[in-house]
Amino acid sequence: MNEAVLNDLAEPNKPDHAGPETEDSLNIEYTDTVGQPLCEEAKIRTKEVNVYYADNQAIHNVSLDIGENEVIALIGPSGCGKSTYLRTLNRMNDTIDICRVEGQILLDGEDIYTKKQDPVLLRARVGMVFQKPNPFPKSIYDNVAYGPRIHGLTRNKSELDDLVEESLTKAGLFQEVKDRLDAPGTGLSGGQQQRLCIARTIAVQPEVILMDEPASALDPIATAKIEELINELKENFTIVIVTHSMQQAARVSQRTAYFHMGRLIEVGETDQIFTNPAHELTEKYITGRFG
Ligand SMILES: Nc1ncnc2c1ncn2[C@@H]1O[C@H](COP(=O)(O)OP(=O)(O)OP(=O)(O)O)[C@@H](O)[C@H]1O
Ligand SMILES: [Mg+2]
């Protein structure tokens, strides 16, 4: 995406008149998802997904494919269901008692919601990075070595050392921490902690990485590092990133999906979504009418 387009992408602003616009005042009807929700080579395929918290439906009939080795951004107003949808992809919603997921979610064509699917193994294949960096209260080394140890990925200490170094290197952190691998992970700066969490995630060699606003708690320099990292990681991983920053979506993703009140409104090439959205709701959002 060129600079001019990037500069034109304003963050969603507050409306300049009193009170936010509501669905009623916009008077726009929902339609089925417009654009290209399906991919020929889907790594993950979600079909007619509904998610409920007790009696409240948070996701309505969402069908979306995540392509092999693509970076797809999920955007939309607060509360529209981005995190809820993201968590269906590695069964993180299982940890919320009142949450119920309906529909089909296939990873490489296999249903991940069957009884025989072990959620711990699933989450090694579909890793997750959260908004707030959450290193374990352990050393930098042990944070990264934790997953490989649990899953028995290495045969001896020297292989584990190599895997820890490789993961920290891929996460762009090794140079900064190589002399203090025994120091606590929680003693790093926020941006370093987030890169440590990314190193921890990639150490178990996942196929997909889910990121829920991974840079929103970071300053612009740390954010730029995370975005650089996403651009490098996309060579080897499929990445689904939730972001509130449209500039960030434009910089890191190839496709963008716009959610609104639990519905998937529009999906398309990121350039098209930001320069020529097909759905009125997408346009209202990217031009800052609500957010
Ligand atoms: N643990 C929960 N228990 C009950 N309701 C929940 C829970 N988590 C989310 N919800 C509800 O589901 C809906 C979607 O929330 P979700 O967190 O997925 O939105 P989001 O798009 O990620 O918002 P944000 O941009 O603010 O992070 C909201 O109405 C929210 O209140
Ligand atoms: Mg969220």
# chains A, B, ... in the order shown; residues from 1 in each chain; ligands from 1
call {"tool": "residues_near_ligand", "arguments": {"ligand": "ligand 2", "cutoff": "8 Å", "atoms": "only C-alpha atoms and all ligand atoms", "output": "tab-separated table (two decimals) with N, CA and C atoms, in the first residue's frame"}}
result
chain	number	residue	atom	x	y	z
A	78	SER	N	-15.63	-1.46	19.00
A	78	SER	CA	-15.51	-2.18	20.26
A	78	SER	C	-16.78	-2.97	20.54
A	79	GLY	N	-16.62	-4.22	20.96
A	79	GLY	CA	-17.78	-5.04	21.30
A	79	GLY	C	-18.41	-5.77	20.12
A	81	GLY	N	-17.24	-8.26	18.49
A	81	GLY	CA	-17.02	-9.71	18.51
A	81	GLY	C	-15.69	-10.17	17.95
A	82	LYS	N	-14.74	-9.25	17.75
A	82	LYS	CA	-13.46	-9.63	17.16
A	82	LYS	C	-12.72	-10.65	18.04
A	83	SER	N	-12.63	-10.34	19.35
A	83	SER	CA	-11.89	-11.25	20.24
A	83	SER	C	-12.64	-12.58	20.39
A	84	THR	N	-13.96	-12.49	20.46
A	84	THR	CA	-14.76	-13.71	20.59
A	84	THR	C	-14.54	-14.62	19.39
A	212	ASP	N	-4.33	-10.73	19.40
A	212	ASP	CA	-5.44	-9.86	19.78
A	212	ASP	C	-4.89	-8.51	20.21
A	213	GLU	N	-4.90	-7.56	19.31
A	213	GLU	CA	-4.35	-6.21	19.56
A	213	GLU	C	-2.97	-6.30	20.21
A	242	VAL	N	-6.18	-9.04	15.34
A	242	VAL	CA	-7.22	-8.06	15.67
A	242	VAL	C	-6.51	-6.74	15.93
call {"tool": "residues_near_ligand", "arguments": {"ligand": "ligand 1", "cutoff": "9 Å", "atoms": "only C-alpha atoms and all ligand atoms", "output": "MDAnalysis selection string"}}
result
chainID A and resid 51:54 56:59 74:87 93 96:99 212:213 242:244 259:262
call {"tool": "write_last_selection", "arguments": {"atoms": "N, CA and C atoms", "output": "mmCIF file, in the first residue's frame"}}
result
data_model
loop_
_atom_site.group_PDB
_atom_site.id
_atom_site.type_symbol
_atom_site.label_atom_id
_atom_site.label_comp_id
_atom_site.auth_asym_id
_atom_site.auth_seq_id
_atom_site.Cartn_x
_atom_site.Cartn_y
_atom_site.Cartn_z
ATOM 1 N N VAL A 51 -21.747 -17.685 18.276
ATOM 2 C CA VAL A 51 -21.194 -17.813 19.622
ATOM 3 C C VAL A 51 -22.123 -17.094 20.590
ATOM 4 N N TYR A 52 -22.389 -17.750 21.707
ATOM 5 C CA TYR A 52 -23.276 -17.198 22.733
ATOM 6 C C TYR A 52 -22.533 -17.107 24.063
ATOM 7 N N TYR A 53 -22.799 -16.024 24.820
ATOM 8 C CA TYR A 53 -22.440 -15.981 26.242
ATOM 9 C C TYR A 53 -23.765 -16.101 26.977
ATOM 10 N N ALA A 54 -24.004 -17.242 27.606
ATOM 11 C CA ALA A 54 -25.331 -17.543 28.170
ATOM 12 C C ALA A 54 -26.370 -17.265 27.073
ATOM 13 N N ASN A 56 -26.857 -14.393 25.493
ATOM 14 C CA ASN A 56 -26.473 -13.312 24.575
ATOM 15 C C ASN A 56 -25.674 -13.842 23.400
ATOM 16 N N GLN A 57 -26.157 -13.554 22.201
ATOM 17 C CA GLN A 57 -25.424 -14.010 21.026
ATOM 18 C C GLN A 57 -24.399 -12.946 20.637
ATOM 19 N N ALA A 58 -23.114 -13.351 20.621
ATOM 20 C CA ALA A 58 -22.047 -12.381 20.327
ATOM 21 C C ALA A 58 -21.566 -12.495 18.883
ATOM 22 N N ILE A 59 -21.709 -13.673 18.279
ATOM 23 C CA ILE A 59 -21.319 -13.867 16.874
ATOM 24 C C ILE A 59 -22.492 -14.503 16.134
ATOM 25 N N LEU A 74 -8.656 -8.412 11.545
ATOM 26 C CA LEU A 74 -10.057 -8.307 11.949
ATOM 27 C C LEU A 74 -10.247 -6.926 12.559
ATOM 28 N N ILE A 75 -11.157 -6.152 11.981
ATOM 29 C CA ILE A 75 -11.392 -4.802 12.503
ATOM 30 C C ILE A 75 -12.878 -4.610 12.786
ATOM 31 N N GLY A 76 -13.188 -3.534 13.507
ATOM 32 C CA GLY A 76 -14.586 -3.224 13.802
ATOM 33 C C GLY A 76 -14.720 -2.556 15.154
ATOM 34 N N PRO A 77 -15.877 -1.927 15.397
ATOM 35 C CA PRO A 77 -16.062 -1.185 16.647
ATOM 36 C C PRO A 77 -15.937 -2.071 17.883
ATOM 37 N N SER A 78 -15.628 -1.462 18.998
ATOM 38 C CA SER A 78 -15.507 -2.181 20.258
ATOM 39 C C SER A 78 -16.779 -2.970 20.542
ATOM 40 N N GLY A 79 -16.624 -4.219 20.961
ATOM 41 C CA GLY A 79 -17.779 -5.041 21.304
ATOM 42 C C GLY A 79 -18.406 -5.771 20.122
ATOM 43 N N CYS A 80 -17.799 -5.634 18.922
ATOM 44 C CA CYS A 80 -18.415 -6.251 17.735
ATOM 45 C C CYS A 80 -18.116 -7.741 17.635
ATOM 46 N N GLY A 81 -17.241 -8.259 18.492
ATOM 47 C CA GLY A 81 -17.024 -9.710 18.512
ATOM 48 C C GLY A 81 -15.689 -10.169 17.951
ATOM 49 N N LYS A 82 -14.742 -9.248 17.745
ATOM 50 C CA LYS A 82 -13.455 -9.633 17.160
ATOM 51 C C LYS A 82 -12.724 -10.651 18.042
ATOM 52 N N SER A 83 -12.626 -10.343 19.346
ATOM 53 C CA SER A 83 -11.893 -11.251 20.245
ATOM 54 C C SER A 83 -12.639 -12.576 20.385
ATOM 55 N N THR A 84 -13.958 -12.490 20.456
ATOM 56 C CA THR A 84 -14.762 -13.710 20.594
ATOM 57 C C THR A 84 -14.542 -14.619 19.386
ATOM 58 N N TYR A 85 -14.592 -14.028 18.186
ATOM 59 C CA TYR A 85 -14.381 -14.833 16.979
ATOM 60 C C TYR A 85 -12.967 -15.406 16.970
ATOM 61 N N LEU A 86 -11.973 -14.561 17.287
ATOM 62 C CA LEU A 86 -10.572 -15.007 17.286
ATOM 63 C C LEU A 86 -10.396 -16.218 18.214
ATOM 64 N N ARG A 87 -11.034 -16.145 19.388
ATOM 65 C CA ARG A 87 -10.860 -17.220 20.371
ATOM 66 C C ARG A 87 -11.521 -18.531 19.941
ATOM 67 N N ASN A 93 -12.243 -20.004 23.899
ATOM 68 C CA ASN A 93 -13.529 -19.756 24.561
ATOM 69 C C ASN A 93 -13.937 -20.898 25.490
ATOM 70 N N ILE A 96 -14.162 -20.122 29.075
ATOM 71 C CA ILE A 96 -15.234 -19.267 29.614
ATOM 72 C C ILE A 96 -16.486 -20.129 29.767
ATOM 73 N N ASP A 97 -16.885 -20.357 31.005
ATOM 74 C CA ASP A 97 -17.969 -21.305 31.298
ATOM 75 C C ASP A 97 -19.241 -21.071 30.510
ATOM 76 N N ILE A 98 -19.672 -19.794 30.458
ATOM 77 C CA ILE A 98 -20.978 -19.512 29.862
ATOM 78 C C ILE A 98 -20.931 -19.418 28.338
ATOM 79 N N CYS A 99 -19.758 -19.641 27.770
ATOM 80 C CA CYS A 99 -19.620 -19.460 26.322
ATOM 81 C C CYS A 99 -19.911 -20.745 25.557
ATOM 82 N N ASP A 212 -4.328 -10.731 19.403
ATOM 83 C CA ASP A 212 -5.443 -9.863 19.775
ATOM 84 C C ASP A 212 -4.889 -8.507 20.211
ATOM 85 N N GLU A 213 -4.900 -7.556 19.310
ATOM 86 C CA GLU A 213 -4.350 -6.215 19.562
ATOM 87 C C GLU A 213 -2.970 -6.296 20.206
ATOM 88 N N VAL A 242 -6.176 -9.035 15.342
ATOM 89 C CA VAL A 242 -7.217 -8.057 15.670
ATOM 90 C C VAL A 242 -6.511 -6.737 15.929
ATOM 91 N N THR A 243 -7.007 -5.692 15.332
ATOM 92 C CA THR A 243 -6.387 -4.390 15.597
ATOM 93 C C THR A 243 -7.423 -3.278 15.587
ATOM 94 N N HIS A 244 -7.184 -2.281 16.415
ATOM 95 C CA HIS A 244 -8.021 -1.088 16.396
ATOM 96 C C HIS A 244 -7.437 -0.031 15.481
ATOM 97 N N PHE A 259 -16.037 -6.513 11.052
ATOM 98 C CA PHE A 259 -17.122 -7.027 11.899
ATOM 99 C C PHE A 259 -17.953 -5.873 12.443
ATOM 100 N N HIS A 260 -19.250 -6.137 12.608
ATOM 101 C CA HIS A 260 -20.139 -5.119 13.159
ATOM 102 C C HIS A 260 -21.257 -5.824 13.916
ATOM 103 N N MET A 261 -21.361 -5.526 15.192
ATOM 104 C CA MET A 261 -22.384 -6.126 16.054
ATOM 105 C C MET A 261 -22.513 -7.639 15.855
ATOM 106 N N GLY A 262 -21.371 -8.299 15.886
ATOM 107 C CA GLY A 262 -21.356 -9.761 15.834
ATOM 108 C C GLY A 262 -21.493 -10.356 14.453
#
call {"tool": "select_by_dssp", "arguments": {"residues": "stretch 58-230 of chain A", "states": "strand (DSSP E)", "output": "ChimeraX atom specification"}}
result
/A:58-67,71-75,99-107,110-111,126-129,208-212
call {"tool": "residues_around", "arguments": {"residues": "A:Ala171", "least_positions_apart": "4", "cutoff": "8 Å", "atoms": "only C-alpha atoms", "output": "PDB file with C-alpha atoms, in the first residue's frame"}}
result
ATOM      1  CA  SER A 167      12.786 -18.470  18.768  1.00  0.00           C
ATOM      2  CA  ARG A 195       8.343 -10.047  21.815  1.00  0.00           C
ATOM      3  CA  LEU A 196       9.134 -12.612  24.531  1.00  0.00           C
ATOM      4  CA  ILE A 198       5.799 -14.045  20.599  1.00  0.00           C
ATOM      5  CA  ALA A 199       9.036 -16.062  21.032  1.00  0.00           C
ATOM      6  CA  LEU A 229       8.129  -8.895  13.104  1.00  0.00           C
TER       7      LEU A 229
END
call {"tool": "residues_around", "arguments": {"residues": "A:Ala215", "least_positions_apart": "6", "cutoff": "8 Å", "atoms": "only C-alpha atoms", "output": "VMD selection string"}}
result
chain A and resid 131 222 to 223 226
call {"tool": "write_last_selection", "arguments": {"atoms": "C-alpha atoms", "output": "PDB file, in the first residue's frame"}}
result
ATOM      1  CA  GLN A 131      -3.115  -7.539  24.125  1.00  0.00           C
ATOM      2  CA  ALA A 222       7.809  -1.001  20.151  1.00  0.00           C
ATOM      3  CA  THR A 223       4.737  -1.137  17.893  1.00  0.00           C
ATOM      4  CA  ILE A 226       6.055  -5.838  16.368  1.00  0.00           C
TER       5      ILE A 226
END
call {"tool": "residues_around", "arguments": {"residues": "A:Val144", "least_positions_apart": "3", "cutoff": "7 Å", "atoms": "only C-alpha atoms", "output": "list in words"}}
result
Ile140, Tyr141, Gly147, Val164, Ala199, Arg200 and Ala203 of chain A
call {"tool": "closest_residue", "arguments": {"among": "A:Asp94, A:Glu40, A:Asp179, A:Glu68", "to": "A:Glu207", "atoms": "only C-alpha atoms"}}
result
A:Glu68
call {"tool": "select_by_dssp", "arguments": {"residues": "stretch 78-135 of chain A", "states": "helix (DSSP H, G or I)", "output": "list of chain:residue names"}}
result
A:Lys82, A:Ser83, A:Thr84, A:Tyr85, A:Leu86, A:Arg87, A:Thr88, A:Met92, A:Asn93, A:Asp94, A:Thr95, A:Pro119, A:Val120, A:Leu121, A:Leu122, A:Arg123, A:Ala124, A:Arg125
call {"tool": "write_last_selection", "arguments": {"atoms": "C-alpha atoms", "output": "mmCIF file, in the first residue's frame"}}
result
data_model
loop_
_atom_site.group_PDB
_atom_site.id
_atom_site.type_symbol
_atom_site.label_atom_id
_atom_site.label_comp_id
_atom_site.auth_asym_id
_atom_site.auth_seq_id
_atom_site.Cartn_x
_atom_site.Cartn_y
_atom_site.Cartn_z
ATOM 1 C CA LYS A 82 -13.455 -9.633 17.160
ATOM 2 C CA SER A 83 -11.893 -11.251 20.245
ATOM 3 C CA THR A 84 -14.762 -13.710 20.594
ATOM 4 C CA TYR A 85 -14.381 -14.833 16.979
ATOM 5 C CA LEU A 86 -10.572 -15.007 17.286
ATOM 6 C CA ARG A 87 -10.860 -17.220 20.371
ATOM 7 C CA THR A 88 -13.060 -19.723 18.530
ATOM 8 C CA MET A 92 -9.817 -20.381 23.905
ATOM 9 C CA ASN A 93 -13.529 -19.756 24.561
ATOM 10 C CA ASP A 94 -13.613 -23.200 26.229
ATOM 11 C CA THR A 95 -12.116 -21.474 29.249
ATOM 12 C CA PRO A 119 -7.224 -28.343 23.238
ATOM 13 C CA VAL A 120 -3.646 -28.178 24.551
ATOM 14 C CA LEU A 121 -2.289 -29.718 21.367
ATOM 15 C CA LEU A 122 -4.587 -27.520 19.308
ATOM 16 C CA ARG A 123 -3.213 -24.406 20.997
ATOM 17 C CA ALA A 124 0.312 -25.501 20.147
ATOM 18 C CA ARG A 125 -0.748 -25.560 16.470
#
call {"tool": "closest_residue", "arguments": {"among": "A:Asn90, A:Gln193, A:Ser245, A:Gln205", "to": "A:Val126", "atoms": "only C-alpha atoms"}}
result
A:Asn90
call {"tool": "residues_around", "arguments": {"residues": "A:Lys47", "least_positions_apart": "4", "cutoff": "7 Å", "atoms": "only C-alpha atoms", "output": "list in words"}}
result
Val62, Ser63, Leu64, Gly103, Gln104 and Ile105 of chain A
call {"tool": "residues_around", "arguments": {"residues": "A:Leu153", "least_positions_apart": "3", "cutoff": "12 Å", "atoms": "only C-alpha atoms", "output": "VMD selection string"}}
result
chain A and resid 124 145 to 150 156 to 157 159 to 164 203 to 205
call {"tool": "closest_atom_pairs", "arguments": {"of": "stretch 72-136 of chain A", "to": "stretch 183-186 of chain A", "cutoff": "10 Å", "atoms": "only C-alpha atoms", "output": "Markdown table"}}
result
| residue | atom | partner | partner_atom | distance |
| --- | --- | --- | --- | --- |
| A:Pro133 | CA | A:Thr186 | CA | 9.2 |
| A:Asn134 | CA | A:Thr186 | CA | 8.2 |
| A:Pro135 | CA | A:Gly185 | CA | 6.0 |
| A:Phe136 | CA | A:Gly185 | CA | 7.0 |
call {"tool": "write_last_selection", "arguments": {"atoms": "C-alpha atoms", "output": "PDB file, in the first residue's frame"}}
result
ATOM      1  CA  PRO A 133       2.085  -9.088  27.438  1.00  0.00           C
ATOM      2  CA  ASN A 134       1.768 -11.960  29.915  1.00  0.00           C
ATOM      3  CA  PRO A 135       5.179 -13.568  30.475  1.00  0.00           C
ATOM      4  CA  PHE A 136       5.262 -16.357  33.054  1.00  0.00           C
TER       5      PHE A 136
END
call {"tool": "decode", "arguments": {"residues": "stretch 261-277 of chain A", "atoms": "C-alpha atoms", "output": "PDB file, in the first residue's frame"}}
result
ATOM      1  CA  MET A 261     -22.384  -6.126  16.054  1.00  0.00           C
ATOM      2  CA  GLY A 262     -21.356  -9.761  15.834  1.00  0.00           C
ATOM      3  CA  ARG A 263     -21.749 -10.001  12.091  1.00  0.00           C
ATOM      4  CA  LEU A 264     -19.092 -10.276   9.432  1.00  0.00           C
ATOM      5  CA  ILE A 265     -20.050  -7.427   7.140  1.00  0.00           C
ATOM      6  CA  GLU A 266     -17.298  -7.371   4.546  1.00  0.00           C
ATOM      7  CA  VAL A 267     -14.049  -9.125   3.682  1.00  0.00           C
ATOM      8  CA  GLY A 268     -11.617  -8.173   0.962  1.00  0.00           C
ATOM      9  CA  GLU A 269      -8.114  -7.214  -0.037  1.00  0.00           C
ATOM     10  CA  THR A 270      -6.894  -4.716   2.549  1.00  0.00           C
ATOM     11  CA  ASP A 271      -6.305  -1.997  -0.085  1.00  0.00           C
ATOM     12  CA  GLN A 272      -9.839  -2.357  -1.380  1.00  0.00           C
ATOM     13  CA  ILE A 273     -11.442  -2.353   2.072  1.00  0.00           C
ATOM     14  CA  PHE A 274      -9.726   0.926   2.957  1.00  0.00           C
ATOM     15  CA  THR A 275      -9.975   2.707  -0.379  1.00  0.00           C
ATOM     16  CA  ASN A 276     -13.164   1.338  -1.884  1.00  0.00           C
ATOM     17  CA  PRO A 277     -15.314  -0.521   0.643  1.00  0.00           C
TER      18      PRO A 277
END
